[in-house]
file structure21.pdb (PDB, C-alpha atoms)
ATOM      1  CA  MET A   1       0.000   0.000   0.000
ATOM      2  CA  MET A   2       1.515   3.274  -1.089
ATOM      3  CA  ARG A   3       0.567   6.621   0.347
ATOM      4  CA  ALA A   4       0.971   9.937  -1.425
ATOM      5  CA  SER A   5       0.389  13.352   0.104
ATOM      6  CA  PHE A   6      -0.163  16.548  -1.775
ATOM      7  CA  GLU A   7      -1.284  19.993  -0.745
ATOM      8  CA  VAL A   8      -4.415  21.601  -2.171
ATOM      9  CA  GLY A   9      -4.632  25.192  -0.994
ATOM     10  CA  SER A  10      -4.014  24.949   2.720
ATOM     11  CA  VAL A  11      -5.440  21.420   3.101
ATOM     12  CA  LEU A  12      -3.226  18.356   2.988
ATOM     13  CA  GLN A  13      -4.803  15.621   0.883
ATOM     14  CA  VAL A  14      -3.804  11.969   1.191
ATOM     15  CA  ALA A  15      -4.225   9.436  -1.606
ATOM     16  CA  TRP A  16      -3.764   5.706  -1.046
ATOM     17  CA  ALA A  17      -2.829   3.365  -3.859
ATOM     18  CA  GLY A  18      -4.437  -0.075  -3.938
ATOM     19  CA  ARG A  19      -2.721  -3.417  -3.531
ATOM     20  CA  LYS A  20      -1.874  -3.744  -7.190
ATOM     21  CA  GLY A  21      -1.225  -0.040  -7.630
ATOM     22  CA  ARG A  22      -3.794   0.334 -10.389
ATOM     23  CA  GLU A  23      -6.339   2.295  -8.410
ATOM     24  CA  THR A  24      -5.914   5.205  -6.054
ATOM     25  CA  TRP A  25      -8.435   6.362  -3.515
ATOM     26  CA  VAL A  26      -8.631   9.929  -2.262
ATOM     27  CA  PRO A  27     -11.285   9.863   0.469
ATOM     28  CA  LYS A  28     -13.056  12.907   1.855
ATOM     29  CA  GLN A  29     -10.807  14.308   4.572
ATOM     30  CA  LYS A  30     -10.940  16.835   7.380
ATOM     31  CA  VAL A  31      -8.839  17.951  10.318
ATOM     32  CA  VAL A  32     -10.445  18.194  13.771
ATOM     33  CA  GLU A  33      -8.468  19.211  16.853
ATOM     34  CA  GLY A  34      -5.205  18.742  14.948
ATOM     35  CA  LYS A  35      -6.006  15.150  13.844
ATOM     36  CA  ALA A  36      -6.773  14.135  10.275
ATOM     37  CA  PHE A  37      -9.832  11.960   9.584
ATOM     38  CA  PHE A  38     -11.080  10.227   6.446
ATOM     39  CA  CYS A  39     -14.633   9.345   5.471
ATOM     40  CA  LEU A  40     -15.422   5.667   4.948
ATOM     41  CA  ASP A  41     -18.659   5.273   2.991
ATOM     42  CA  LYS A  42     -19.842   1.789   2.096
ATOM     43  CA  TRP A  43     -21.466   3.081  -1.104
ATOM     44  CA  GLU A  44     -18.461   5.015  -2.476
ATOM     45  CA  HIS A  45     -17.353   3.160  -5.611
ATOM     46  CA  ARG A  46     -13.644   4.047  -5.342
ATOM     47  CA  ALA A  47     -13.499   2.875  -1.711
ATOM     48  CA  VAL A  48     -15.162  -0.416  -2.646
ATOM     49  CA  PHE A  49     -12.682  -0.984  -5.468
ATOM     50  CA  PHE A  50      -9.771  -0.026  -3.199
ATOM     51  CA  PHE A  51     -10.712  -2.565  -0.504
ATOM     52  CA  THR A  52     -12.096  -5.409  -2.652
ATOM     53  CA  ASP A  53     -10.453  -5.054  -6.097
ATOM     54  CA  THR A  54     -13.956  -5.395  -7.563
ATOM     55  CA  LYS A  55     -16.346  -2.696  -8.719
ATOM     56  CA  LEU A  56     -19.384  -1.718  -6.661
ATOM     57  CA  ASP A  57     -22.251  -3.919  -7.806
ATOM     58  CA  LEU A  58     -25.692  -3.156  -6.373
ATOM     59  CA  ARG A  59     -27.664  -5.669  -8.421
ATOM     60  CA  LYS A  60     -29.942  -7.974  -6.486
ATOM     61  CA  GLY A  61     -28.329 -11.266  -5.528
ATOM     62  CA  LYS A  62     -24.745 -10.038  -6.029
ATOM     63  CA  HIS A  63     -22.455 -10.498  -3.032
ATOM     64  CA  THR A  64     -19.202  -9.196  -4.477
ATOM     65  CA  GLY A  65     -18.193  -5.612  -4.968
ATOM     66  CA  SER A  66     -19.434  -4.344  -1.635
ATOM     67  CA  ILE A  67     -17.981  -3.360   1.724
ATOM     68  CA  ASP A  68     -21.425  -3.606   3.338
ATOM     69  CA  THR A  69     -20.153  -6.099   5.908
ATOM     70  CA  PRO A  70     -20.941  -7.011   9.526
ATOM     71  CA  PHE A  71     -17.634  -5.369  10.550
ATOM     72  CA  LEU A  72     -18.678  -2.021   9.053
ATOM     73  CA  ASP A  73     -22.105  -2.355  10.694
ATOM     74  CA  GLU A  74     -20.379  -2.974  14.032
ATOM     75  CA  LEU A  75     -18.197   0.126  13.525
ATOM     76  CA  LEU A  76     -21.294   2.217  12.856
ATOM     77  CA  SER A  77     -23.275   0.807  15.789
ATOM     78  CA  GLN A  78     -20.351   1.279  18.213
ATOM     79  CA  ARG A  79     -20.015   4.879  17.020
ATOM     80  CA  ASN A  80     -23.729   5.474  17.662
ATOM     81  CA  ARG A  81     -23.510   3.761  21.071
ATOM     82  CA  ALA A  82     -20.508   5.909  22.067
ATOM     83  CA  ALA A  83     -22.373   9.056  20.978
ATOM     84  CA  ASP A  84     -25.434   8.033  23.031
ATOM     85  CA  GLU A  85     -23.253   7.425  26.102
ATOM     86  CA  ALA A  86     -21.467  10.766  25.688
ATOM     87  CA  VAL A  87     -24.775  12.626  25.479
ATOM     88  CA  GLN A  88     -26.190  10.706  28.462
ATOM     89  CA  ASN A  89     -23.092  11.482  30.554
ATOM     90  CA  ALA A  90     -23.298  15.170  29.638
ATOM     91  CA  ILE A  91     -26.970  15.336  30.635
ATOM     92  CA  GLU A  92     -26.418  13.536  33.961
ATOM     93  CA  VAL A  93     -23.804  15.987  35.251
ATOM     94  CA  PRO A  94     -25.292  17.392  38.487
ATOM     95  CA  VAL A  95     -25.818  21.136  38.748
ATOM     96  CA  ASP A  96     -23.966  22.931  41.585
ATOM     97  CA  GLY A  97     -26.112  22.984  44.718
ATOM     98  CA  GLU A  98     -28.224  20.033  43.594
ATOM     99  CA  ASP A  99     -28.304  17.195  46.109
ATOM    100  CA  GLU A 100     -26.778  14.073  44.556
ATOM    101  CA  GLN A 101     -28.032  11.835  47.390
ATOM    102  CA  GLN A 102     -31.717  12.484  46.733
ATOM    103  CA  PRO A 103     -33.244   9.510  44.885
ATOM    104  CA  PRO A 104     -35.036  10.334  41.653
ATOM    105  CA  LYS A 105     -38.835  10.322  41.775
ATOM    106  CA  LYS A 106     -39.183   8.834  38.314
ATOM    107  CA  LYS A 107     -36.946   6.606  36.312
ATOM    108  CA  LYS A 108     -35.175   8.795  33.767
ATOM    109  CA  LYS A 109     -35.461   7.924  30.124
ATOM    110  CA  ARG A 110     -32.171   7.076  28.434
ATOM    111  CA  ALA A 111     -31.011   9.993  26.277
ATOM    112  CA  LYS A 112     -30.038   9.416  22.687
ATOM    113  CA  HIS A 113     -27.983  11.723  20.549
ATOM    114  CA  THR A 114     -30.182  13.876  18.388
ATOM    115  CA  ILE A 115     -29.658  17.081  16.486
ATOM    116  CA  GLU A 116     -30.868  19.048  19.508
ATOM    117  CA  LYS A 117     -28.375  17.317  21.841
ATOM    118  CA  GLN A 118     -25.359  16.846  19.568
ATOM    119  CA  HIS A 119     -23.618  19.911  21.023
ATOM    120  CA  LEU A 120     -23.281  17.977  24.319
ATOM    121  CA  ALA A 121     -21.085  15.236  22.853
ATOM    122  CA  PRO A 122     -17.374  15.581  22.091
ATOM    123  CA  GLU A 123     -16.307  15.871  18.463
ATOM    124  CA  ILE A 124     -13.983  12.861  18.685
ATOM    125  CA  LEU A 125     -15.168   9.519  20.055
ATOM    126  CA  THR A 126     -13.117   6.432  20.862
ATOM    127  CA  ILE A 127     -14.759   3.124  20.008
ATOM    128  CA  GLU A 128     -13.701  -0.497  20.340
ATOM    129  CA  VAL A 129     -14.609  -3.060  17.702
ATOM    130  CA  GLU A 130     -13.417  -6.663  17.762
ATOM    131  CA  GLY A 131     -10.769  -5.828  20.354
ATOM    132  CA  GLU A 132      -9.313  -2.898  18.388
ATOM    133  CA  GLN A 133      -9.670   0.782  19.248
ATOM    134  CA  PHE A 134     -10.533   3.427  16.683
ATOM    135  CA  GLU A 135     -11.002   7.172  16.972
ATOM    136  CA  CYS A 136     -13.904   8.510  14.972
ATOM    137  CA  LEU A 137     -15.865  11.712  14.619
ATOM    138  CA  PHE A 138     -19.297  12.260  16.099
ATOM    139  CA  GLU A 139     -20.321  13.700  12.727
ATOM    140  CA  GLY A 140     -22.444  11.482  10.562
ATOM    141  CA  CYS A 141     -24.218   9.604  13.347
ATOM    142  CA  HIS A 142     -27.207   7.588  12.128
ATOM    143  CA  SER A 143     -25.774   7.394   8.620
ATOM    144  CA  SER A 144     -23.841   4.838   6.604
ATOM    145  CA  VAL A 145     -20.608   6.869   6.704
ATOM    146  CA  ILE A 146     -17.997   6.987   9.435
ATOM    147  CA  TRP A 147     -15.060   9.358   9.850
ATOM    148  CA  LEU A 148     -11.992   7.438  11.096
ATOM    149  CA  GLU A 149      -8.584   8.749  12.106
ATOM    150  CA  MET A 150      -6.330   8.877   9.070
ATOM    151  CA  SER A 151      -3.226   6.731   9.288
ATOM    152  CA  ASP A 152      -1.730   3.868   7.317
ATOM    153  CA  GLU A 153      -2.110   1.607  10.352
ATOM    154  CA  ILE A 154      -5.841   2.339  10.715
ATOM    155  CA  LEU A 155      -6.405   1.879   6.986
ATOM    156  CA  SER A 156      -4.545  -1.431   7.071
ATOM    157  CA  ARG A 157      -6.530  -2.686  10.083
ATOM    158  CA  VAL A 158      -9.863  -1.643   8.563
ATOM    159  CA  GLY A 159      -8.903  -3.194   5.211
ATOM    160  CA  LYS A 160      -8.001  -6.524   6.824
ATOM    161  CA  LYS A 161     -11.230  -6.571   8.860
ATOM    162  CA  LEU A 162     -13.341  -5.720   5.792
ATOM    163  CA  ALA A 163     -11.591  -8.434   3.778
ATOM    164  CA  ALA A 164     -12.121 -11.031   6.530
ATOM    165  CA  SER A 165     -15.799 -10.112   6.881
ATOM    166  CA  ASN A 166     -18.166 -11.365   4.158
ATOM    167  CA  SER A 167     -20.469  -8.942   2.354
ATOM    168  CA  LYS A 168     -24.098  -9.064   3.450
ATOM    169  CA  ALA A 169     -26.676 -10.379   1.003
ATOM    170  CA  ARG A 170     -28.847  -7.787  -0.679
TER     171      ARG A 170
END
call {"tool": "encode", "arguments": {"input": "structure21.pdb", "output": "structure tokens"}}
result
Amino acid sequence: MMRASFEVGSVLQVAWAGRKGRETWVPKQKVVEGKAFFCLDKWEHRAVFFFTDTKLDLRKGKHTGSIDTPFLDELLSQRNRAADEAVQNAIEVPVDGEDEQQPPKKKKKRAKHTIEKQHLAPEILTIEVEGEQFECLFEGCHSSVIWLEMSDEILSRVGKKLAASNSKAR
């Protein structure tokens, strides 16, 4: 896997070359708190070709040419779970002067991250999937895209996990 960096304006862009060097992938990228992140979208045709060496094929009954795998679903669900926990923890912080010993009168409903509450969660979340830790962005929750920290090591780990995980049937 070869990595090339080039500067566009004031933004550093990273392009990864595939295993056989015939295809490059330049994912969407952004810098948050000094860390670079890339967008992994299971429906982006260049990403699918980069990870599988086959073109994205959305025809019914086709199982190749897709990175719609249980591993990617687990990444997305862990990201959503971490966002829910971060919002819940932010809501449960006691206000100064409030008695923490007083038992609640009603059972509180579990908070979920929504547009109205997203300002309570941190921008960067740490998730654990299959025993490996990843840093991802809160952005894109409840969608099929995930923003992961950009590094060759992360890309290699994600690529191996996607390759080991079979595509889901459509």
call {"tool": "closest_residue", "arguments": {"input": "structure21.pdb", "among": "A:Cys39, A:Val31, A:Phe49, A:Val158", "to": "A:Gln133", "atoms": "only C-alpha atoms"}}
result
A:Val158
call {"tool": "resolve_selection", "arguments": {"input": "structure21.pdb", "expression": "the PyMOL selection byres ((chain A and resi 28) around 9)", "output": "VMD selection string"}}
result
chain A and resid 13 26 to 27 29 to 30 37 to 40 147
call {"tool": "residues_around", "arguments": {"input": "structure21.pdb", "residues": "A:Thr52", "least_positions_apart": "3", "cutoff": "12 Å", "atoms": "all atoms listed in the file", "output": "CSV table (one decimal) with C-alpha atoms, in the frame of the given file"}}
result
chain,number,residue,atom,x,y,z
A,18,GLY,CA,-4.4,-0.1,-3.9
A,19,ARG,CA,-2.7,-3.4,-3.5
A,20,LYS,CA,-1.9,-3.7,-7.2
A,23,GLU,CA,-6.3,2.3,-8.4
A,42,LYS,CA,-19.8,1.8,2.1
A,45,HIS,CA,-17.4,3.2,-5.6
A,46,ARG,CA,-13.6,4.0,-5.3
A,47,ALA,CA,-13.5,2.9,-1.7
A,48,VAL,CA,-15.2,-0.4,-2.6
A,49,PHE,CA,-12.7,-1.0,-5.5
A,55,LYS,CA,-16.3,-2.7,-8.7
A,56,LEU,CA,-19.4,-1.7,-6.7
A,57,ASP,CA,-22.3,-3.9,-7.8
A,63,HIS,CA,-22.5,-10.5,-3.0
A,64,THR,CA,-19.2,-9.2,-4.5
A,65,GLY,CA,-18.2,-5.6,-5.0
A,66,SER,CA,-19.4,-4.3,-1.6
A,67,ILE,CA,-18.0,-3.4,1.7
A,68,ASP,CA,-21.4,-3.6,3.3
A,69,THR,CA,-20.2,-6.1,5.9
A,159,GLY,CA,-8.9,-3.2,5.2
A,160,LYS,CA,-8.0,-6.5,6.8
A,161,LYS,CA,-11.2,-6.6,8.9
A,162,LEU,CA,-13.3,-5.7,5.8
A,163,ALA,CA,-11.6,-8.4,3.8
A,164,ALA,CA,-12.1,-11.0,6.5
A,165,SER,CA,-15.8,-10.1,6.9
A,166,ASN,CA,-18.2,-11.4,4.2
A,167,SER,CA,-20.5,-8.9,2.4
call {"tool": "atom_distance", "arguments": {"input": "structure21.pdb", "atom1": "atom CA of A:Trp25", "atom2": "atom CA of A:Gln78"}}
result
25.3 Å
call {"tool": "closest_residue", "arguments": {"input": "structure21.pdb", "among": "A:Glu74, A:Leu155, A:Glu33, A:Lys117", "to": "A:Leu137", "atoms": "all atoms listed in the file"}}
result
A:Glu33
call {"tool": "closest_residue", "arguments": {"input": "structure21.pdb", "among": "A:Thr24, A:Thr54, A:Asn89, A:Gln118", "to": "A:Glu139", "atoms": "only C-alpha atoms"}}
result
A:Gln118
call {"tool": "atom_distance", "arguments": {"input": "structure21.pdb", "atom1": "atom CA of A:Asp84", "atom2": "atom CA of A:Val129"}}
result
16.4 Å
call {"tool": "closest_residue", "arguments": {"input": "structure21.pdb", "among": "A:Asp41, A:Asp53, A:Cys136, A:Glu128", "to": "A:Glu149", "atoms": "all atoms listed in the file"}}
result
A:Cys136
call {"tool": "atom_distance", "arguments": {"input": "structure21.pdb", "atom1": "atom CA of A:Leu76", "atom2": "atom CA of A:Leu120"}}
result
19.6 Å
call {"tool": "build_atoms", "arguments": {"input": "structure21.pdb", "residues": "stretch 123-139 of chain A", "atoms": "N, CA, C and O atoms", "output": "PDB file, keeping the file's coordinate frame"}}
result
ATOM      1  N   GLU A 123     -16.442  16.058  19.911  1.00  0.00           N
ATOM      2  CA  GLU A 123     -16.307  15.871  18.463  1.00  0.00           C
ATOM      3  C   GLU A 123     -15.667  14.532  18.120  1.00  0.00           C
ATOM      4  O   GLU A 123     -16.001  13.923  17.122  1.00  0.00           O
ATOM      5  N   ILE A 124     -14.712  14.097  18.960  1.00  0.00           N
ATOM      6  CA  ILE A 124     -13.983  12.861  18.685  1.00  0.00           C
ATOM      7  C   ILE A 124     -14.387  11.807  19.708  1.00  0.00           C
ATOM      8  O   ILE A 124     -14.345  12.045  20.912  1.00  0.00           O
ATOM      9  N   LEU A 125     -14.773  10.634  19.208  1.00  0.00           N
ATOM     10  CA  LEU A 125     -15.168   9.519  20.055  1.00  0.00           C
ATOM     11  C   LEU A 125     -14.174   8.385  19.886  1.00  0.00           C
ATOM     12  O   LEU A 125     -13.616   8.187  18.811  1.00  0.00           O
ATOM     13  N   THR A 126     -13.954   7.623  20.947  1.00  0.00           N
ATOM     14  CA  THR A 126     -13.117   6.432  20.862  1.00  0.00           C
ATOM     15  C   THR A 126     -14.032   5.223  20.975  1.00  0.00           C
ATOM     16  O   THR A 126     -14.829   5.120  21.908  1.00  0.00           O
ATOM     17  N   ILE A 127     -13.926   4.316  20.013  1.00  0.00           N
ATOM     18  CA  ILE A 127     -14.759   3.124  20.008  1.00  0.00           C
ATOM     19  C   ILE A 127     -13.874   1.887  19.965  1.00  0.00           C
ATOM     20  O   ILE A 127     -12.718   1.953  19.563  1.00  0.00           O
ATOM     21  N   GLU A 128     -14.424   0.770  20.394  1.00  0.00           N
ATOM     22  CA  GLU A 128     -13.701  -0.497  20.340  1.00  0.00           C
ATOM     23  C   GLU A 128     -14.543  -1.494  19.569  1.00  0.00           C
ATOM     24  O   GLU A 128     -15.711  -1.723  19.890  1.00  0.00           O
ATOM     25  N   VAL A 129     -13.940  -2.079  18.532  1.00  0.00           N
ATOM     26  CA  VAL A 129     -14.609  -3.060  17.702  1.00  0.00           C
ATOM     27  C   VAL A 129     -13.678  -4.256  17.534  1.00  0.00           C
ATOM     28  O   VAL A 129     -12.531  -4.089  17.120  1.00  0.00           O
ATOM     29  N   GLU A 130     -14.177  -5.416  17.882  1.00  0.00           N
ATOM     30  CA  GLU A 130     -13.417  -6.663  17.762  1.00  0.00           C
ATOM     31  C   GLU A 130     -12.045  -6.549  18.417  1.00  0.00           C
ATOM     32  O   GLU A 130     -11.030  -6.979  17.869  1.00  0.00           O
ATOM     33  N   GLY A 131     -12.004  -5.927  19.583  1.00  0.00           N
ATOM     34  CA  GLY A 131     -10.769  -5.828  20.354  1.00  0.00           C
ATOM     35  C   GLY A 131      -9.799  -4.754  19.879  1.00  0.00           C
ATOM     36  O   GLY A 131      -8.703  -4.649  20.402  1.00  0.00           O
ATOM     37  N   GLU A 132     -10.178  -3.965  18.895  1.00  0.00           N
ATOM     38  CA  GLU A 132      -9.313  -2.898  18.388  1.00  0.00           C
ATOM     39  C   GLU A 132      -9.965  -1.554  18.627  1.00  0.00           C
ATOM     40  O   GLU A 132     -11.181  -1.411  18.497  1.00  0.00           O
ATOM     41  N   GLN A 133      -9.145  -0.556  18.993  1.00  0.00           N
ATOM     42  CA  GLN A 133      -9.670   0.782  19.248  1.00  0.00           C
ATOM     43  C   GLN A 133      -9.506   1.665  18.018  1.00  0.00           C
ATOM     44  O   GLN A 133      -8.493   1.596  17.319  1.00  0.00           O
ATOM     45  N   PHE A 134     -10.534   2.474  17.781  1.00  0.00           N
ATOM     46  CA  PHE A 134     -10.533   3.427  16.683  1.00  0.00           C
ATOM     47  C   PHE A 134     -11.023   4.761  17.206  1.00  0.00           C
ATOM     48  O   PHE A 134     -11.893   4.807  18.078  1.00  0.00           O
ATOM     49  N   GLU A 135     -10.476   5.837  16.684  1.00  0.00           N
ATOM     50  CA  GLU A 135     -11.002   7.172  16.972  1.00  0.00           C
ATOM     51  C   GLU A 135     -11.820   7.593  15.770  1.00  0.00           C
ATOM     52  O   GLU A 135     -11.388   7.451  14.622  1.00  0.00           O
ATOM     53  N   CYS A 136     -13.028   8.081  16.049  1.00  0.00           N
ATOM     54  CA  CYS A 136     -13.904   8.510  14.972  1.00  0.00           C
ATOM     55  C   CYS A 136     -14.565   9.821  15.355  1.00  0.00           C
ATOM     56  O   CYS A 136     -14.530  10.232  16.513  1.00  0.00           O
ATOM     57  N   LEU A 137     -15.164  10.453  14.373  1.00  0.00           N
ATOM     58  CA  LEU A 137     -15.865  11.712  14.619  1.00  0.00           C
ATOM     59  C   LEU A 137     -17.326  11.438  14.960  1.00  0.00           C
ATOM     60  O   LEU A 137     -17.920  10.473  14.488  1.00  0.00           O
ATOM     61  N   PHE A 138     -17.876  12.318  15.772  1.00  0.00           N
ATOM     62  CA  PHE A 138     -19.297  12.260  16.099  1.00  0.00           C
ATOM     63  C   PHE A 138     -20.131  12.512  14.849  1.00  0.00           C
ATOM     64  O   PHE A 138     -21.214  11.975  14.691  1.00  0.00           O
ATOM     65  N   GLU A 139     -19.606  13.309  13.946  1.00  0.00           N
ATOM     66  CA  GLU A 139     -20.321  13.700  12.727  1.00  0.00           C
ATOM     67  C   GLU A 139     -20.756  12.475  11.926  1.00  0.00           C
ATOM     68  O   GLU A 139     -20.034  11.506  11.789  1.00  0.00           O
TER      69      GLU A 139
END
